[in-house]
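Reproduced below: entry-v1.txt, with compact mmCIF, C-alpha atoms (C1' of nucleotides).
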```txt
# COMPACT_ATOMS: atom_id res chain seq x y z
CA MET I 1 3.31 15.14 44.86
CA ILE I 2 2.86 12.63 42.17
CA PRO I 3 6.17 11.53 40.71
CA LYS I 4 6.54 11.93 37.04
CA THR I 5 6.44 8.61 35.24
CA LYS I 6 8.36 8.40 32.09
CA ASN I 7 6.30 7.62 29.04
CA LYS I 8 6.69 4.08 27.98
CA ARG I 9 5.86 2.65 24.63
CA GLN I 10 2.89 0.34 25.04
CA VAL I 11 2.57 -0.71 21.45
CA ALA I 12 5.16 -3.04 20.04
CA PRO I 13 7.27 -1.43 17.33
CA ARG I 14 6.23 -2.24 13.83
CA LYS I 15 8.07 -4.94 12.05
CA ILE I 16 9.06 -4.25 8.50
CA SER I 17 8.14 -7.07 6.17
CA TYR I 18 10.54 -7.92 3.44
CA SER I 19 8.60 -10.85 2.11
CA ASN I 20 7.49 -9.13 -1.08
CA GLU I 21 10.83 -7.75 -2.03
CA ILE I 22 13.37 -9.35 -4.28
CA HIS I 23 16.44 -9.09 -2.15
CA GLY I 24 19.61 -7.54 -3.34
CA PHE I 25 22.66 -7.05 -1.22
CA PRO I 26 24.11 -3.60 -0.57
CA GLU I 27 27.82 -3.09 -0.58
CA SER I 28 28.82 -2.87 3.02
CA ASP I 29 31.34 -4.57 5.23
CA ASN I 30 29.79 -3.45 8.48
CA PHE I 31 27.24 -6.22 8.62
CA SER I 32 27.71 -9.90 8.99
CA THR I 33 26.39 -12.25 6.36
CA GLU I 34 23.78 -13.53 8.78
CA GLU I 35 22.50 -10.03 9.43
CA LEU I 36 22.32 -9.25 5.77
CA LYS I 37 20.40 -12.43 5.09
CA SER I 38 17.74 -11.51 7.63
CA ASN I 39 17.63 -7.89 6.48
CA PRO I 40 19.34 -7.23 3.18
CA PHE I 41 18.67 -3.52 3.52
CA ALA I 42 20.21 -3.19 6.95
CA HIS I 43 22.74 -0.69 5.76
CA GLU I 44 20.14 1.40 3.95
CA ASP I 45 17.85 1.36 6.94
CA LEU I 46 20.51 2.98 9.05
CA ILE I 47 20.41 6.07 6.88
CA GLU I 48 17.43 8.35 7.42
CA SER I 49 15.14 9.06 4.49
CA ARG I 50 16.02 12.73 4.55
CA SER I 51 19.63 11.94 3.75
CA LEU I 52 18.51 9.50 1.07
CA ALA I 53 16.34 12.22 -0.46
CA HIS I 54 19.24 14.63 -0.32
CA GLU I 55 21.38 12.15 -2.19
CA GLY I 56 18.65 11.68 -4.76
CA ARG I 57 18.38 15.39 -5.53
CA LYS I 58 21.91 15.42 -6.82
CA GLY I 59 21.10 13.23 -9.78
CA LEU I 60 18.88 10.59 -11.25
CA VAL I 61 17.99 7.79 -8.89
CA PRO I 62 17.81 4.35 -10.47
CA SER I 63 14.76 2.49 -9.30
CA LYS I 64 13.11 -0.84 -9.81
CA ASN I 65 9.70 -0.74 -11.51
CA PRO I 66 9.56 3.06 -11.73
CA TRP I 67 6.19 4.69 -12.37
CA HIS I 68 7.53 7.47 -14.57
CA GLU I 69 8.85 4.90 -17.00
CA SER I 70 5.62 2.95 -17.14
CA PRO I 71 3.82 2.85 -20.51
CA GLN I 72 0.62 4.02 -18.79
CA TYR I 73 2.27 7.08 -17.28
CA ARG I 74 1.34 9.31 -20.20
CA LEU I 75 -2.34 8.46 -19.76
CA LEU I 76 -2.41 10.66 -16.67
CA SER I 77 -0.37 13.58 -17.90
CA PRO I 78 -2.11 16.94 -18.38
CA GLU I 79 0.21 17.64 -21.29
CA GLU I 80 -1.25 14.74 -23.22
CA PRO I 81 -4.75 15.04 -24.70
CA ASN I 82 -6.46 13.35 -21.78
CA THR I 83 -9.48 14.52 -19.91
CA GLY I 84 -9.54 15.43 -16.27
CA ILE I 85 -10.28 18.27 -13.92
CA TRP I 86 -7.74 20.63 -12.46
CA ILE I 87 -8.58 21.43 -8.85
CA PRO I 88 -6.83 24.53 -7.51
CA ARG I 89 -5.43 24.32 -4.02
CA TRP I 90 -7.30 27.39 -2.83
CA LEU I 91 -10.54 25.70 -3.82
CA GLY I 92 -9.69 22.61 -1.81
CA HIS I 93 -8.88 24.62 1.28
CA GLY I 94 -12.00 26.72 0.96
CA ILE I 95 -14.38 23.82 0.46
CA GLY I 96 -13.65 20.65 2.37
CA ASN I 97 -15.92 18.22 0.59
CA ALA I 98 -14.29 16.39 -2.31
CA ASN I 99 -17.34 16.10 -4.56
CA ARG I 100 -18.32 19.69 -3.95
CA THR I 101 -14.85 20.83 -4.92
CA ARG I 102 -14.89 18.67 -8.01
CA ILE I 103 -18.15 20.17 -9.19
CA LEU I 104 -17.07 23.75 -8.51
CA ALA I 105 -13.77 23.14 -10.29
CA TRP I 106 -15.72 21.89 -13.26
CA LEU I 107 -17.92 24.99 -13.20
CA LEU I 108 -14.80 27.16 -13.10
CA TRP I 109 -13.72 25.46 -16.28
CA TRP I 110 -16.95 26.54 -17.92
CA PHE I 111 -16.23 30.12 -16.94
CA ASP I 112 -12.71 30.00 -18.33
CA GLU I 113 -11.44 31.17 -21.68
CA GLU I 114 -12.22 28.89 -24.58
CA SER I 115 -8.72 29.04 -25.94
CA THR I 116 -7.13 27.58 -22.78
CA ARG I 117 -6.48 23.92 -23.24
CA SER I 118 -3.55 22.55 -21.38
CA ARG I 119 -4.20 21.40 -17.81
CA PHE I 120 -7.93 21.63 -18.28
CA ALA I 121 -10.57 19.20 -19.30
CA ASP I 122 -10.56 19.83 -22.99
CA ARG I 123 -9.69 17.67 -25.91
CA GLY I 124 -9.05 20.73 -28.00
CA VAL I 125 -11.71 19.58 -30.45
CA GLU I 126 -14.00 22.14 -31.96
CA ARG I 127 -17.39 21.70 -30.39
CA PHE I 128 -19.12 23.82 -32.97
CA PRO I 129 -18.09 26.42 -35.57
CA GLY I 130 -16.44 29.36 -33.93
CA TYR I 131 -15.43 27.47 -30.84
CA GLY I 132 -12.25 28.71 -29.25
CA ARG I 133 -12.74 32.35 -30.11
CA GLU I 134 -14.96 33.46 -27.26
CA LEU I 135 -13.54 34.67 -23.98
CA CYS I 136 -15.82 32.42 -21.94
CA ARG I 137 -17.23 28.96 -22.46
CA ALA I 138 -20.48 29.77 -20.72
CA ARG I 139 -22.45 31.82 -23.19
CA ALA I 140 -25.96 32.10 -21.83
CA LYS I 141 -27.33 35.03 -19.87
CA ASN I 142 -30.16 35.32 -17.42
CA ALA I 143 -32.79 38.01 -16.90
CA ASN I 144 -30.30 40.20 -14.99
CA HIS I 145 -27.87 40.18 -17.90
CA ASP I 146 -25.44 38.02 -15.89
CA ARG I 147 -23.26 35.63 -17.77
CA CYS I 148 -24.32 32.12 -16.89
CA LEU I 149 -24.08 28.49 -17.86
CA GLY I 150 -27.26 27.02 -19.24
CA THR I 151 -27.43 23.33 -18.42
CA THR I 152 -29.41 20.67 -16.63
CA TYR I 153 -28.69 18.56 -13.55
CA THR I 154 -28.59 15.42 -15.64
CA ARG I 155 -26.18 16.88 -18.17
CA LEU I 156 -23.90 18.21 -15.44
CA ALA I 157 -23.99 14.87 -13.64
CA GLN I 158 -22.85 13.10 -16.80
CA GLU I 159 -20.03 15.56 -17.33
CA VAL I 160 -18.48 15.06 -13.91
CA ASN I 161 -19.66 11.44 -13.70
CA LEU I 162 -21.40 11.78 -10.36
CA SER I 163 -24.98 10.92 -9.60
CA LYS I 164 -27.67 13.46 -10.29
CA THR I 165 -28.59 13.60 -6.61
CA THR I 166 -25.03 14.47 -5.70
CA VAL I 167 -24.78 17.24 -8.26
CA LYS I 168 -28.08 18.71 -7.21
CA GLY I 169 -27.26 18.57 -3.51
CA GLN I 170 -23.83 20.07 -3.94
CA LEU I 171 -25.05 22.82 -6.23
CA GLN I 172 -27.58 23.77 -3.60
CA ALA I 173 -24.88 23.72 -0.93
CA LEU I 174 -22.72 25.99 -3.07
CA ALA I 175 -25.66 28.29 -3.66
CA GLU I 176 -26.31 28.49 0.08
CA ARG I 177 -22.72 29.57 0.62
CA GLY I 178 -23.27 32.25 -1.98
CA LEU I 179 -20.58 31.01 -4.35
CA ILE I 180 -22.97 30.40 -7.21
CA GLN I 181 -26.52 31.37 -8.08
CA ILE I 182 -29.02 28.95 -9.51
CA SER I 183 -32.03 30.07 -11.45
CA ARG I 184 -34.48 28.74 -13.97
CA ASN I 185 -35.02 30.26 -17.34
CA ASP I 186 -38.56 30.34 -18.63
CA SER I 187 -37.76 32.06 -21.88
CA ARG I 188 -38.12 30.19 -25.12
CA GLN I 189 -34.43 30.20 -25.82
CA HIS I 190 -33.43 28.09 -22.84
CA ASP I 191 -36.71 26.49 -22.01
CA GLY I 192 -36.54 24.70 -18.70
CA ASP I 193 -32.79 25.18 -18.50
CA LEU I 194 -30.85 25.45 -15.31
CA LEU I 195 -28.89 28.69 -15.23
CA ILE I 196 -25.77 28.84 -13.08
CA THR I 197 -24.06 32.15 -12.34
CA MET I 198 -20.74 32.56 -10.59
CA CYS I 199 -20.71 35.03 -7.71
CA GLY I 200 -17.54 37.06 -8.13
CA PRO I 201 -17.14 38.65 -4.68
CA GLN I 202 -17.57 35.38 -2.80
CA LEU I 203 -15.22 33.44 -5.07
CA ALA I 204 -12.65 36.22 -4.85
CA ASP I 205 -12.92 36.11 -1.07
CA LEU I 206 -12.43 32.34 -1.08
CA TYR I 207 -9.30 32.79 -3.17
CA TYR I 208 -8.07 35.63 -0.99
CA GLN I 209 -8.43 33.62 2.23
CA PHE I 210 -5.91 31.08 1.03
CA SER I 211 -3.62 33.10 -1.22
CA LYS I 212 -3.70 36.51 0.54
CA ASP I 213 -3.53 38.02 -2.91
CA LYS I 214 -4.29 41.71 -2.48
CA ILE I 215 -5.75 42.10 -5.95
CA ALA I 216 -8.50 39.65 -5.09
CA LYS I 217 -9.39 41.64 -2.00
CA ASP I 218 -9.47 45.01 -3.71
CA GLU I 219 -11.23 44.07 -6.88
CA PHE I 220 -14.78 43.71 -5.60
CA GLU I 221 -14.64 46.49 -3.04
CA GLU I 222 -16.70 49.64 -3.26
CA ASN I 223 -15.39 51.78 -6.12
CA GLY I 224 -12.99 48.99 -6.93
CA PRO I 225 -12.17 47.85 -10.46
CA HIS I 226 -15.26 45.69 -10.62
CA ALA I 227 -17.58 48.49 -9.55
CA GLN I 228 -16.00 50.77 -12.15
CA ARG I 229 -16.47 48.19 -14.87
CA LEU I 230 -20.07 47.77 -13.81
CA SER I 231 -20.86 51.48 -13.92
CA ARG I 232 -19.15 51.81 -17.28
CA TRP I 233 -21.27 48.96 -18.56
CA GLU I 234 -24.47 50.51 -17.20
CA ASN I 235 -23.71 53.91 -18.65
CA ASP I 236 -22.24 53.05 -21.99
CA VAL I 237 -22.80 49.66 -23.42
CA LYS I 238 -25.90 48.30 -21.80
CA ASP I 239 -28.16 49.38 -24.60
CA LEU I 240 -25.94 48.21 -27.38
CA CYS I 241 -27.00 44.86 -28.72
CA LYS I 242 -23.44 43.61 -28.89
CA ALA I 243 -22.50 43.72 -25.25
CA ARG I 244 -25.46 42.91 -23.11
CA ILE I 245 -23.72 40.63 -20.66
CA LYS I 246 -22.92 42.24 -17.33
CA PRO I 247 -19.29 42.14 -16.12
CA GLY I 248 -18.80 39.59 -13.37
CA TRP I 249 -16.51 36.83 -12.17
CA PHE I 250 -15.37 36.00 -15.65
CA GLU I 251 -14.05 39.49 -16.45
CA SER I 252 -12.24 39.86 -13.12
CA ASN I 253 -8.48 39.92 -12.68
CA THR I 254 -8.99 37.64 -9.72
CA ARG I 255 -10.13 34.86 -11.99
CA ARG I 256 -7.03 35.23 -14.10
CA ARG I 257 -4.86 35.02 -11.03
CA ALA I 258 -6.72 32.16 -9.43
CA LEU I 259 -6.68 30.06 -12.59
CA ASN I 260 -3.16 30.99 -13.71
CA ARG I 261 -4.31 33.00 -16.68
CA ASP I 262 -2.30 36.03 -15.59
CA SER I 263 1.23 35.95 -16.88
CA GLN I 264 2.49 38.60 -14.51
CA ALA I 265 6.08 38.19 -13.44
CA ASN I 266 7.20 37.76 -9.85
CA PHE I 267 3.92 36.37 -8.74
CA PRO I 268 3.66 32.78 -7.52
CA THR I 269 1.46 30.63 -9.69
CA SER I 270 -1.71 29.18 -8.29
CA LYS I 271 -1.02 25.57 -7.49
CA GLY I 272 -3.42 22.70 -7.76
CA THR I 273 -3.92 19.06 -8.58
CA TRP I 274 -4.70 17.60 -11.96
CA VAL I 275 -7.20 14.80 -11.37
CA PRO I 276 -7.33 12.63 -14.51
CA ASP I 277 -10.62 10.98 -15.28
CA TYR I 278 -8.78 7.67 -15.52
CA LEU I 279 -7.97 7.84 -11.83
CA PHE I 280 -11.48 8.92 -10.95
CA LEU I 281 -12.87 5.85 -12.69
CA ILE I 282 -10.26 3.53 -11.20
CA CYS I 283 -11.16 4.73 -7.71
CA ASP I 284 -14.80 3.65 -8.17
CA LYS I 285 -15.85 7.25 -8.91
CA LYS I 286 -14.84 8.37 -5.45
CA SER I 287 -13.57 11.93 -5.60
CA ALA I 288 -11.45 12.01 -2.48
CA PRO I 289 -9.28 8.92 -3.17
CA ALA I 290 -8.84 9.98 -6.81
CA TRP I 291 -7.71 13.38 -5.65
CA VAL I 292 -5.24 11.98 -3.13
CA LEU I 293 -3.94 9.44 -5.63
CA SER I 294 -3.41 12.16 -8.23
CA GLN I 295 -1.40 14.19 -5.77
CA VAL I 296 0.75 11.20 -4.83
CA LEU I 297 1.32 10.29 -8.48
CA TRP I 298 2.31 13.89 -9.19
CA TRP I 299 5.26 13.39 -6.89
CA PHE I 300 6.34 10.53 -9.14
CA SER I 301 6.08 12.56 -12.33
CA ASP I 302 9.09 13.98 -14.12
CA ARG I 303 10.46 17.39 -13.40
CA VAL I 304 11.05 19.06 -16.74
CA THR I 305 13.11 22.14 -17.51
CA ARG I 306 11.99 24.88 -19.88
CA ASP I 307 13.98 23.18 -22.60
CA ALA I 308 11.96 20.01 -22.05
CA ILE I 309 14.90 18.19 -20.53
CA SER I 310 13.79 15.65 -17.95
CA LEU I 311 15.34 15.97 -14.52
CA GLY I 312 13.91 12.70 -13.31
CA PRO I 313 10.98 12.11 -10.98
CA ARG I 314 10.18 14.49 -8.14
CA ALA I 315 10.35 11.69 -5.61
CA CYS I 316 13.95 11.05 -4.73
CA ILE I 317 14.02 8.80 -1.67
CA LYS I 318 15.41 5.46 -2.72
CA ARG I 319 14.82 2.56 -0.40
CA HIS I 320 14.72 -1.15 -1.11
CA ARG I 321 15.43 -0.43 -4.77
CA HIS I 322 12.23 1.60 -5.13
CA LEU I 323 11.44 5.31 -5.15
CA TRP I 324 9.36 6.64 -2.28
CA ILE I 325 7.89 9.84 -0.94
CA ALA I 326 7.57 10.58 2.77
CA LYS I 327 4.11 12.09 3.24
CA SER I 328 1.90 12.05 6.29
CA SER I 329 -1.82 12.53 6.00
CA ARG I 330 -1.37 15.98 7.55
CA GLN I 331 1.06 17.00 4.84
CA LEU I 332 -1.28 15.77 2.14
CA ASN I 333 -4.06 17.70 3.84
CA GLN I 334 -1.99 20.88 3.51
CA GLU I 335 -1.18 20.12 -0.10
CA ILE I 336 -4.65 19.45 -1.42
CA GLY I 337 -6.96 20.96 1.18
CA LEU I 338 -9.06 17.92 2.05
CA PRO I 339 -9.60 17.42 5.80
CA GLU I 340 -7.02 15.22 7.45
CA SER I 341 -9.45 12.49 8.41
CA THR I 342 -10.72 12.25 4.84
CA VAL I 343 -7.18 11.97 3.54
CA ARG I 344 -6.56 9.17 6.01
CA THR I 345 -9.67 7.29 4.97
CA SER I 346 -8.71 7.73 1.33
CA LEU I 347 -5.22 6.43 1.97
CA ASN I 348 -6.62 3.40 3.77
CA TYR I 349 -8.83 2.76 0.77
CA LEU I 350 -5.99 3.18 -1.73
CA ILE I 351 -3.49 1.10 0.23
CA GLY I 352 -5.62 -1.49 1.96
CA GLU I 353 -8.61 -2.07 -0.22
CA ARG I 354 -7.32 -1.41 -3.72
CA GLN I 355 -3.53 -1.84 -3.38
CA LEU I 356 -2.99 1.09 -5.72
CA LEU I 357 -0.36 2.43 -3.34
CA THR I 358 2.22 0.65 -1.24
CA PHE I 359 3.39 2.02 2.06
CA ASP I 360 6.04 1.42 4.65
CA LYS I 361 7.30 3.24 7.70
CA TRP I 362 10.76 4.54 8.29
CA ILE I 363 12.33 7.39 10.13
CA TYR I 364 12.53 10.45 7.89
CA ASP I 365 13.95 13.17 10.08
CA ARG I 366 14.87 12.04 13.56
CA LYS I 367 14.98 15.50 15.02
CA ARG I 368 11.77 16.87 13.55
CA ASP I 369 9.69 13.74 13.97
CA ARG I 370 10.95 12.84 17.46
CA SER I 371 12.35 9.54 16.28
CA GLN I 372 9.04 8.22 15.13
CA PRO I 373 8.65 6.50 11.77
CA MET I 374 6.88 8.30 9.00
CA THR I 375 4.68 6.88 6.27
CA HIS I 376 6.45 6.41 2.95
CA LEU I 377 4.34 5.90 -0.14
CA ARG I 378 4.91 4.65 -3.65
CA PRO I 379 2.51 3.67 -6.46
CA ASN I 380 1.92 0.01 -7.06
CA VAL I 381 2.88 0.06 -10.71
CA PRO I 382 1.68 -3.42 -11.83
CA VAL I 383 -1.79 -2.84 -10.39
CA LEU I 384 -2.05 0.63 -11.92
CA GLU I 385 -0.88 -0.60 -15.30
CA GLN I 386 -3.36 -3.41 -15.29
CA LEU I 387 -6.26 -1.14 -14.35
CA LEU I 388 -5.32 1.57 -16.82
CA SER I 389 -5.28 -0.89 -19.70
CA ASN I 390 -8.69 -2.24 -18.73
CA SER I 391 -11.05 -1.87 -21.67
CA ASP I 392 -14.08 -1.15 -19.46
CA ILE I 393 -12.33 1.92 -18.12
CA HIS I 394 -11.57 3.08 -21.64
CA ASP I 395 -15.20 2.63 -22.69
CA GLU I 396 -16.50 4.62 -19.75
CA LEU I 397 -13.94 7.35 -20.34
CA LEU I 398 -15.09 7.60 -23.93
CA ASP I 399 -18.67 8.05 -22.71
CA MET I 400 -17.59 10.91 -20.46
CA GLU I 401 -15.68 12.59 -23.24
CA MET I 402 -18.54 12.30 -25.69
CA THR I 403 -20.89 13.91 -23.17
CA ARG I 404 -18.51 16.78 -22.66
CA LEU I 405 -17.91 17.31 -26.35
CA TYR I 406 -21.57 17.30 -27.25
CA PRO I 407 -22.54 20.93 -27.85
CA TYR I 408 -25.33 22.64 -26.02
C1' DT N 1 -36.85 16.74 -12.26
C1' DG N 2 -38.57 15.80 -7.49
C1' DG N 3 -38.87 13.07 -3.53
C1' DC N 4 -37.96 9.29 -0.65
C1' DT N 5 -34.99 5.97 2.18
C1' DA N 6 -31.26 2.91 3.21
C1' DA N 7 -26.48 2.75 2.82
C1' DT N 8 -22.15 4.91 2.87
C1' DA N 9 -18.69 8.68 3.52
C1' DT N 10 -17.01 12.33 6.15
C1' DA N 11 -15.85 15.79 10.01
C1' DG N 12 -14.56 16.14 14.32
C1' DT N 13 -12.83 14.36 18.44
C1' DC N 14 -10.20 11.59 21.55
C1' DA N 15 -6.29 8.72 22.95
C1' DC N 16 -1.76 7.68 22.35
C1' DC N 17 3.57 7.88 21.01
C1' DC N 18 8.02 10.10 21.73
C1' DA N 19 12.12 13.01 22.90
C1' DG N 20 13.85 17.78 23.43
C1' DC W 1 4.46 20.60 27.72
C1' DT W 2 4.93 20.60 22.85
C1' DG W 3 4.43 19.29 18.06
C1' DG W 4 4.42 16.10 14.31
C1' DG W 5 2.91 11.66 13.91
C1' DT W 6 -0.59 7.49 14.38
C1' DG W 7 -5.40 4.92 14.81
C1' DA W 8 -10.29 4.41 16.26
C1' DC W 9 -14.85 5.90 17.05
C1' DT W 10 -19.33 8.14 16.11
C1' DA W 11 -22.84 11.54 15.00
C1' DT W 12 -24.09 13.67 11.03
C1' DA W 13 -23.86 14.69 6.12
C1' DT W 14 -23.93 12.85 1.69
C1' DT W 15 -25.15 9.63 -1.94
C1' DA W 16 -27.19 5.67 -4.78
C1' DG W 17 -31.07 3.93 -6.49
C1' DC W 18 -35.74 3.72 -7.19
C1' DC W 19 -40.29 5.48 -8.73
C1' DA W 20 -43.64 8.84 -10.43
```

Here is the file; what I need is its structure written in the form of structure tokens.
Amino acid sequence: MIPKTKNKRQVAPRKISYSNEIHGFPESDNFSTEELKSNPFAHEDLIESRSLAHEGRKGLVPSKNPWHESPQYRLLSPEEPNTGIWIPRWLGHGIGNANRTRILAWLLWWFDEESTRSRFADRGVERFPGYGRELCRARAKNANHDRCLGTTYTRLAQEVNLSKTTVKGQLQALAERGLIQISRNDSRQHDGDLLITMCGPQLADLYYQFSKDKIAKDEFEENGPHAQRLSRWENDVKDLCKARIKPGWFESNTRRRALNRDSQANFPTSKGTWVPDYLFLICDKKSAPAWVLSQVLWWFSDRVTRDAISLGPRACIKRHRHLWIAKSSRQLNQEIGLPESTVRTSLNYLIGERQLLTFDKWIYDRKRDRSQPMTHLRPNVPVLEQLLSNSDIHDELLDMEMTRLYPY
DNA sequence: TGGCTAATATAGTCACCCAG
DNA sequence: CTGGGTGACTATATTAGCCA
């Protein structure tokens, strides 16, 4: 019988570097002066991050160089008139690929109500007379009377700021999965236009798989609400000139639920990540890092009550005079839906290559994590501020906005 | 817009840590 | 053995950039 050998740590424990910190000295009598000189945060390091976070939840945590007090903070807020794309969590979990999700999220915006502005990529500017009154931004229809978006690959590529090849490839991938339908219109009205239709049943299924929302499952069933709407349309209004667009994804209750347009009580809202275009441009137009960075920065945004009273940032772990969040790549994967390995690569890019985030490792919860240190993250505020005030970024953002505002 | 190719990003897997 | 972590590797998928 082979005796059990106890696992031994082969890798040397990580050493925490304090070289970049401006040292302050905590109030504690338990450490000698020599100890405190070598590690000024010795006392703090004894306390686990979970306890520090618990302390922070009781009230505002003072922090050095806090992101939520930075002048550039408002540039990334969905409440401010800035452009960006809101990516629902169910979309991320249903579709792994970051670019594909970005494009589909953008298409969902086109099939949303014109009057919805906050949290979505809209300046709130009138694109043309009458804008904001329709119930759907996509106004074209194809030969089957389906509501669809008339566009071109080039135009779409400019709107999401990805290459034309990417947009084309991802649209085809989405079409193969049956989430959208692509067709060409030969009529005079949309000559040579690309027509994109949303496939209601498949999208509802995607939403149902993550949310387990029963309404989404029932809606597109046989004799379900959608089928009833369809038969009513065929019998009654098909021949009237006014309503010749067939009911589909846009008219469904599922869409309202999935995009938070349903103000029903006692139902959890659909969560997601607001990806500002600023961050997308800062991250070299890479979707995955921009997405991850947005999610991390969300944790450093202010919690606000209904009366618009700030409760301070969501992050509440205070270590080394900074605010931190304890997030592993697996947790981020659950939050945004990107595969774990992609999240890890993105974090390496953000931390190592671009220094947009700073990280360190401490023990968060000794019991849960088996005494192993967990990654703590915080935004690198000086770098972010410098990039966000870069005039090149502003110019490119303006280009994107102008493309989006230009009417079809 | 379509098609091509080289370059890059990603998904998936494995190995490892550690203490209850 | 388990479960929540880490890092590294590689085959394959995706993308940029060019030209017609």

query = Any idea what's packed within 10 Å of DT6 (chain W), counting all atoms listed in the file, ignoring anything in its chain fewer than 5 positions away? Could you give it as a list in words?
reply = Ser328, Ser329, Gln372, Pro373, Met374 and Thr375 of chain I; DC16 and DC17 of chain N

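Excluding DA11 (chain N) itself and same-chain residues fewer than 2 positions from it, the residues having an atom within 12 Å of it are Gly96, Asn97, Leu338, Pro339, Glu340, Ser341, Thr342, Val343 and Thr345 of chain I; DA9 and DT13 of chain N; DT10, DA11, DT12, DA13 and DT14 of chain W, counting only C-alpha atoms (C1' of nucleotides).
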
inquiry  = What are the residues of chain N lining chain I at 7 Å or less? Count all atoms listed in the file, and put the answer as a VMD selection string.
reply    = chain N and resid 10 17 to 19

key: Check: which chain W residues lie within 12 Å of chain I using all atoms listed in the file, as a ChimeraX atom specification   = /W:2-8,13-17

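As for CA of Pro88 (chain I) and CA of Ser270 (chain I), they are spaced 7.0 Å apart.
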
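Distance annotation: of I:Leu388, I:Met402, I:Ile47, I:Ala258, the residue with the minimal separation from Ser70 (chain I) is I:Leu388; atom set is only C-alpha atoms.
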
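When CA of Tyr364 (chain I) is paired with CA of Ala53 (chain I), their separation reads 9.3 Å.
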
Kindly compute an axis-aligned box around the listed atoms of region 6-13 of chain N, allowing 4 Å on each side, and express its centre and edge lengths in Å to one decimal as lines of an AutoDock Vina configuration file.
```
center_x = -22.0
center_y = 9.4
center_z = 10.6
size_x = 26.4
size_y = 21.4
size_z = 23.6
```

query = What gap, in Å, lies between CA of Glu219 (chain I) and CA of Gln334 (chain I)?
reply = 27.0 Å

query = In file coordinates, which residues lie within 12 Å of (-41.8, 13.1, -10.7) using all atoms listed in the file, given as a PyMOL selection string?
reply = (chain N and resi 1-4) or (chain W and resi 18-20)

Suppose we keep C-alpha atoms (C1' of nucleotides); can you now write the selection as an mmCIF file, keeping the file's coordinate frame?
```cif
data_model
loop_
_atom_site.group_PDB
_atom_site.id
_atom_site.type_symbol
_atom_site.label_atom_id
_atom_site.label_comp_id
_atom_site.auth_asym_id
_atom_site.auth_seq_id
_atom_site.Cartn_x
_atom_site.Cartn_y
_atom_site.Cartn_z
ATOM 1 C "C1'" DT N 1 -36.850 16.740 -12.260
ATOM 2 C "C1'" DG N 2 -38.570 15.800 -7.490
ATOM 3 C "C1'" DG N 3 -38.870 13.070 -3.530
ATOM 4 C "C1'" DC N 4 -37.960 9.290 -0.650
ATOM 5 C "C1'" DC W 18 -35.740 3.720 -7.190
ATOM 6 C "C1'" DC W 19 -40.290 5.480 -8.730
ATOM 7 C "C1'" DA W 20 -43.640 8.840 -10.430
#
```

request  = Write out as a count of residues only which residues come within 10 Å of Gly200 (chain I) when counting all atoms listed in the file, dropping same-chain ones fewer than 6 positions away.
outcome  = 16
